[in-house]
Amino acid sequence: MATSLQHLSTYDDSNFIDISDKRFGLVVADWNREITDVLSAGAYDTLVKHGALAENIFRNSVPGSFELTLGAQFLAQHEEIDAVICLGVVIQGETKHDDYINHAVAQGLTTVGLKYNKPVIFGLVTTNTLEQAQDRAGGKLGNKGVEAAVAAIQMLSF
């Protein structure tokens, strides 16, 4: 469903498992940090709200969204990490760089999750404008970081 038709921070937590013993890795892109910090805070707060212990949430930064894949692999290879949440933003510019980055990150994160048999969550905001990105990072459409944390919890209960 298109984000414009659903609020990113609205979800049903009735089937969530106990995550107090789970460990989460957050991989957050530094590029567009004014957006990614909000995404990260949304993910962190959601995990804690649903029982994750603060000491079991590990935030790691990578330079940009393209590097999310390798950052995810660095975390996913550790047995003690139960789920990896990747957060970044790619805004369409004057060139087609966004198409290449978005595709590479989507494919790369899928590969990492399958390789390590654990949830590796795609929390990449992909928009046409900065305003659209802000709308999805705590703005009028909610927070993609919240949605990514919820996806991680749901996948751990699969």
# chains A, B, ... in the order shown; residues from 1 in each chain; ligands from 1

call {"tool": "residues_around", "arguments": {"residues": "Arg136 in chain A", "least_positions_apart": "3", "cutoff": "10 Å", "atoms": "only C-alpha atoms", "output": "NGL selection string"}}
result
:A and (3-4 or 7-9 or 35 or 38-39 or 89 or 125-127 or 130-133 or 139-145)

call {"tool": "select_by_dssp", "arguments": {"residues": "chain A", "states": "helix (DSSP H, G or I)", "output": "PyMOL selection string"}}
result
chain A and resi 3-5+33-49+54-56+65-76+97-116+130-135+144-156

call {"tool": "residues_around", "arguments": {"residues": "range 148-157 of chain A", "least_positions_apart": "5", "cutoff": "6 Å", "atoms": "only C-alpha atoms", "output": "NGL selection string"}}
result
:A and (17 or 43 or 123)

call {"tool": "atom_distance", "arguments": {"atom1": "CA of Leu26 in chain A", "atom2": "CA of Gln73 in chain A"}}
result
11.6 Å

call {"tool": "residues_around", "arguments": {"residues": "range 64-70 of chain A", "least_positions_apart": "3", "cutoff": "7 Å", "atoms": "only C-alpha atoms", "output": "PDB file with C-alpha atoms, in the first residue's frame"}}
result
ATOM      1  CA  VAL A  27      22.493   0.563  10.761  1.00  0.00           C
ATOM      2  CA  ALA A  29      23.171   6.273   7.113  1.00  0.00           C
ATOM      3  CA  ASP A  30      24.881   9.566   7.971  1.00  0.00           C
ATOM      4  CA  TRP A  31      23.884  11.112   4.613  1.00  0.00           C
ATOM      5  CA  GLN A  73      26.263  -7.854   6.950  1.00  0.00           C
ATOM      6  CA  PHE A  74      28.809  -6.816   9.606  1.00  0.00           C
ATOM      7  CA  CYS A  86      18.664  -0.495   8.183  1.00  0.00           C
ATOM      8  CA  GLY A  88      18.537   5.673   5.286  1.00  0.00           C
ATOM      9  CA  VAL A  89      17.072   8.132   2.823  1.00  0.00           C
ATOM     10  CA  ILE A 101      21.211   3.018  -4.935  1.00  0.00           C
ATOM     11  CA  VAL A 105      20.266  -1.634  -1.236  1.00  0.00           C
ATOM     12  CA  GLY A 108      21.743  -6.377  -0.931  1.00  0.00           C
ATOM     13  CA  LEU A 109      19.651  -6.374   2.235  1.00  0.00           C
TER      14      LEU A 109
END

call {"tool": "decode", "arguments": {"residues": "range 62-100 of chain A", "atoms": "N, CA and C atoms", "output": "mmCIF file, in the first residue's frame"}}
result
data_model
loop_
_atom_site.group_PDB
_atom_site.id
_atom_site.type_symbol
_atom_site.label_atom_id
_atom_site.label_comp_id
_atom_site.auth_asym_id
_atom_site.auth_seq_id
_atom_site.Cartn_x
_atom_site.Cartn_y
_atom_site.Cartn_z
ATOM 1 N N VAL A 62 26.867 4.353 9.009
ATOM 2 C CA VAL A 62 27.587 4.169 7.754
ATOM 3 C C VAL A 62 27.506 5.491 6.998
ATOM 4 N N PRO A 63 28.423 5.741 6.061
ATOM 5 C CA PRO A 63 28.443 7.048 5.391
ATOM 6 C C PRO A 63 27.150 7.404 4.655
ATOM 7 N N GLY A 64 26.601 6.456 3.914
ATOM 8 C CA GLY A 64 25.397 6.737 3.131
ATOM 9 C C GLY A 64 24.548 5.500 2.980
ATOM 10 N N SER A 65 23.446 5.633 2.280
ATOM 11 C CA SER A 65 22.512 4.516 2.127
ATOM 12 C C SER A 65 23.119 3.346 1.370
ATOM 13 N N PHE A 66 23.995 3.614 0.420
ATOM 14 C CA PHE A 66 24.618 2.527 -0.333
ATOM 15 C C PHE A 66 25.386 1.580 0.588
ATOM 16 N N GLU A 67 25.946 2.106 1.660
ATOM 17 C CA GLU A 67 26.746 1.304 2.587
ATOM 18 C C GLU A 67 25.906 0.541 3.613
ATOM 19 N N LEU A 68 24.597 0.714 3.598
ATOM 20 C CA LEU A 68 23.737 -0.022 4.530
ATOM 21 C C LEU A 68 23.908 -1.530 4.400
ATOM 22 N N THR A 69 24.093 -2.004 3.184
ATOM 23 C CA THR A 69 24.194 -3.441 2.947
ATOM 24 C C THR A 69 25.393 -4.054 3.667
ATOM 25 N N LEU A 70 26.546 -3.472 3.513
ATOM 26 C CA LEU A 70 27.727 -4.025 4.178
ATOM 27 C C LEU A 70 27.632 -3.838 5.686
ATOM 28 N N GLY A 71 27.110 -2.709 6.124
ATOM 29 C CA GLY A 71 26.890 -2.508 7.558
ATOM 30 C C GLY A 71 25.967 -3.570 8.123
ATOM 31 N N ALA A 72 24.916 -3.907 7.380
ATOM 32 C CA ALA A 72 23.991 -4.952 7.819
ATOM 33 C C ALA A 72 24.700 -6.296 7.907
ATOM 34 N N GLN A 73 25.547 -6.580 6.934
ATOM 35 C CA GLN A 73 26.263 -7.854 6.950
ATOM 36 C C GLN A 73 27.216 -7.927 8.139
ATOM 37 N N PHE A 74 27.910 -6.823 8.450
ATOM 38 C CA PHE A 74 28.809 -6.816 9.606
ATOM 39 C C PHE A 74 28.053 -7.189 10.883
ATOM 40 N N LEU A 75 26.821 -6.685 11.028
ATOM 41 C CA LEU A 75 26.044 -7.003 12.227
ATOM 42 C C LEU A 75 25.399 -8.383 12.154
ATOM 43 N N ALA A 76 24.820 -8.720 11.016
ATOM 44 C CA ALA A 76 24.082 -9.975 10.878
ATOM 45 C C ALA A 76 24.972 -11.197 11.090
ATOM 46 N N GLN A 77 26.258 -11.078 10.813
ATOM 47 C CA GLN A 77 27.136 -12.236 10.965
ATOM 48 C C GLN A 77 27.350 -12.632 12.422
ATOM 49 N N HIS A 78 26.973 -11.763 13.357
ATOM 50 C CA HIS A 78 27.114 -12.074 14.781
ATOM 51 C C HIS A 78 25.882 -12.835 15.269
ATOM 52 N N GLU A 79 26.096 -14.008 15.810
ATOM 53 C CA GLU A 79 24.988 -14.848 16.256
ATOM 54 C C GLU A 79 24.127 -14.170 17.305
ATOM 55 N N GLU A 80 24.715 -13.310 18.124
ATOM 56 C CA GLU A 80 23.947 -12.690 19.200
ATOM 57 C C GLU A 80 22.994 -11.594 18.707
ATOM 58 N N ILE A 81 23.130 -11.159 17.470
ATOM 59 C CA ILE A 81 22.201 -10.180 16.891
ATOM 60 C C ILE A 81 21.022 -10.936 16.295
ATOM 61 N N ASP A 82 19.819 -10.595 16.744
ATOM 62 C CA ASP A 82 18.614 -11.292 16.290
ATOM 63 C C ASP A 82 17.985 -10.663 15.060
ATOM 64 N N ALA A 83 18.109 -9.352 14.913
ATOM 65 C CA ALA A 83 17.527 -8.647 13.772
ATOM 66 C C ALA A 83 18.332 -7.381 13.502
ATOM 67 N N VAL A 84 18.391 -7.013 12.241
ATOM 68 C CA VAL A 84 19.101 -5.807 11.819
ATOM 69 C C VAL A 84 18.093 -4.880 11.135
ATOM 70 N N ILE A 85 18.102 -3.634 11.549
ATOM 71 C CA ILE A 85 17.204 -2.626 10.978
ATOM 72 C C ILE A 85 18.067 -1.583 10.279
ATOM 73 N N CYS A 86 17.857 -1.418 8.986
ATOM 74 C CA CYS A 86 18.664 -0.495 8.183
ATOM 75 C C CYS A 86 17.842 0.744 7.843
ATOM 76 N N LEU A 87 18.404 1.911 8.129
ATOM 77 C CA LEU A 87 17.689 3.168 7.970
ATOM 78 C C LEU A 87 18.501 4.163 7.156
ATOM 79 N N GLY A 88 17.883 4.681 6.120
ATOM 80 C CA GLY A 88 18.537 5.673 5.286
ATOM 81 C C GLY A 88 17.496 6.426 4.480
ATOM 82 N N VAL A 89 17.965 7.372 3.686
ATOM 83 C CA VAL A 89 17.072 8.132 2.823
ATOM 84 C C VAL A 89 17.796 8.433 1.520
ATOM 85 N N VAL A 90 17.086 8.216 0.429
ATOM 86 C CA VAL A 90 17.602 8.550 -0.898
ATOM 87 C C VAL A 90 16.557 9.442 -1.559
ATOM 88 N N ILE A 91 16.977 10.648 -1.886
ATOM 89 C CA ILE A 91 16.075 11.614 -2.513
ATOM 90 C C ILE A 91 16.471 11.750 -3.981
ATOM 91 N N GLN A 92 15.495 11.640 -4.846
ATOM 92 C CA GLN A 92 15.759 11.766 -6.281
ATOM 93 C C GLN A 92 16.384 13.130 -6.558
ATOM 94 N N GLY A 93 17.399 13.128 -7.361
ATOM 95 C CA GLY A 93 18.058 14.376 -7.731
ATOM 96 C C GLY A 93 18.003 14.584 -9.227
ATOM 97 N N GLU A 94 19.015 15.262 -9.724
ATOM 98 C CA GLU A 94 19.064 15.565 -11.161
ATOM 99 C C GLU A 94 19.546 14.376 -11.990
ATOM 100 N N THR A 95 20.144 13.385 -11.321
ATOM 101 C CA THR A 95 20.651 12.208 -12.027
ATOM 102 C C THR A 95 19.847 10.987 -11.598
ATOM 103 N N LYS A 96 20.173 9.833 -12.161
ATOM 104 C CA LYS A 96 19.470 8.594 -11.840
ATOM 105 C C LYS A 96 20.130 7.830 -10.688
ATOM 106 N N HIS A 97 20.970 8.490 -9.899
ATOM 107 C CA HIS A 97 21.671 7.798 -8.818
ATOM 108 C C HIS A 97 20.707 7.090 -7.877
ATOM 109 N N ASP A 98 19.551 7.675 -7.666
ATOM 110 C CA ASP A 98 18.599 7.084 -6.726
ATOM 111 C C ASP A 98 18.131 5.703 -7.180
ATOM 112 N N ASP A 99 17.916 5.527 -8.470
ATOM 113 C CA ASP A 99 17.508 4.218 -8.978
ATOM 114 C C ASP A 99 18.559 3.158 -8.671
ATOM 115 N N TYR A 100 19.811 3.486 -8.894
ATOM 116 C CA TYR A 100 20.892 2.525 -8.676
ATOM 117 C C TYR A 100 21.064 2.212 -7.197
#
